[in-house]
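What follows is one structure encoded as structure tokens, with my remarks underneath.
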Amino acid sequence: MNRNLRIVSSFAFVAVLFALPLKAVKADENSSANLSSQLPTGYVVDEIKGQVFILPKGASKPVTAEPDQTVQTGDEVTVPEGSQASLAFNNAAVIQLSGGSHLKVGDLAKPGPKGFLSRLKLLAGRVLAQVQKMGSSHSSFEIESGGVVCGVRGTAFEVQKEGSSISTNTYEGLVEMDKADQSQKVPAGRHSEFAGDEGLFHLQRLLNDRERERYQNWQKYRDLIAQRQKEREGALKSFDALPKDDKTQLWEKLQKAGDRDRFKVLRLMMREKNQQDRLQAVDRALQARADNLNERKDAERRAQEDREKLLKAKKKKVEPPAP
């Protein structure tokens, strides 16, 4: 692992991940556990304030993020100034991105008997992370930023990238910051900064009032996250409790949803009281998704036509007059 600068920290990861491409399996094999195991590893968009964008791996254009959509390895999340987003990962961790942040999701392995793995890259801005104490020594949670790697084992902390400066606020547990032969351990209640332009650590200080207030607000928000996680788990359990024939119908519909929308569609269908309403809910969700795709294509086509007209006008303007 490249460690130009390494922050290792104890961390509490509270999150949820569901949705992503579902493998084709028989409907009667879809117990909540089996259904969950078919959902690829990824982060669920827990909440959005303002507007947030996801750039899927390999895509050239970002899409507008929505709650319950999933982001996975290689995807990038951009949070403009004035907005905010939280991402959750399988009962292990949750992160909150402030406005002006840009995050890329790296390697992921969902929680299991051998622990879990999450590597994130903070390209700009600030991320607050809360990770549950890891029961396995094989578990690993890391946030890399400008050569910074945040590794956790039961900690709440914040990492910020501002220019070449990388800083951390430790709210719970311990954060260890390493840079070549330099090293700092940052206990709870302390702030540490590595100045990239100077190539050295600044003296640690106590957290200021604004930093402590940010964490207090986050603690209140965690209760809402826990409640939404229970709702997501409840959707899987409700699906599992359906009669076999009902489950078969819904399964066929569910597999038509896009990779990033499947869990969102699952939650919509399971809010309905009867099978017919559930099927109609899926149809509405799929139609809305198709309409959005068509609207985006039309907008892109119109934008391309406008660009071509502009280029023609500019070309005509610079053409020399006929002799």
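Here, A, B, ... name the chains of the structure tokens in the order displayed, residue numbers run from 1 inside each chain, and ligands are numbered from 1 in the same displayed order.
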
Can you pull out every residue from region 44-275 of chain A that DSSP, working from the backbone, puts in strand (DSSP E), and format the result as a PyMOL selection string? chain A and resi 44-49+53-55+63-64+70-71+76-79+84-89+93-97+101-112+115-131+140-145+148-151+156-162+165-172+174-179+182-187+190-195+200-201+205-206

Counting only C-alpha atoms, which residues of region 139-258 of chain A fall within 9 Å of region 44-68 of chain A, and what is the closest atom pair for each with its distance in Å at one decimal, ordered by chain and rising number, as JSON lines?
{"residue": "A:Ile225", "atom": "CA", "partner": "A:Asp46", "partner_atom": "CA", "distance": 7.3}
{"residue": "A:Arg228", "atom": "CA", "partner": "A:Asp46", "partner_atom": "CA", "distance": 7.8}
{"residue": "A:Gln229", "atom": "CA", "partner": "A:Asp46", "partner_atom": "CA", "distance": 8.7}
{"residue": "A:Arg232", "atom": "CA", "partner": "A:Asp68", "partner_atom": "CA", "distance": 8.9}

Spatial neighbours of Gln96 (chain A), 9 Å, only C-alpha atoms, chain gap at least 4 places, as a list of chain:residue names: A:Gln84, A:Ala85, A:Ser86, A:Leu87, A:Ala88, A:Arg126, A:Val127, A:Leu128, A:Ala129, A:Gln130, A:Trp218

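Taking only C-alpha atoms into account, Ala257 (chain A) lies nearest to A:Gln69 out of the set A:Gln275, A:Val77, A:Gln204, A:Gln69.
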
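In this structure, CA of Arg210 (chain A) sits 19.7 Å away from CA of Gly173 (chain A).
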
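Closest approach to Asp261 (chain A) among A:Arg190, A:His202, A:Arg289, A:Lys220: A:Arg289, based on only C-alpha atoms.
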
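Shell of region 100-108 of chain A at 6 Å, with only C-alpha atoms counted and residues fewer than 4 places along the chain excluded, is Thr73, Gly74, Asp75, Glu76, Val77, Thr78, Val79, Pro80, Glu81, Leu117, Ser118, Arg119, Leu120, Lys121, Leu122, Leu123, Ala124, Gly125 and Arg126 of chain A.
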
Could you state the separation of CA of Val71 (chain A) and CA of Ile143 (chain A) in Å, given to one decimal place? 15.9 Å

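Here CA of Ala109 (chain A) stands at a distance of 10.0 Å from CA of Phe89 (chain A).
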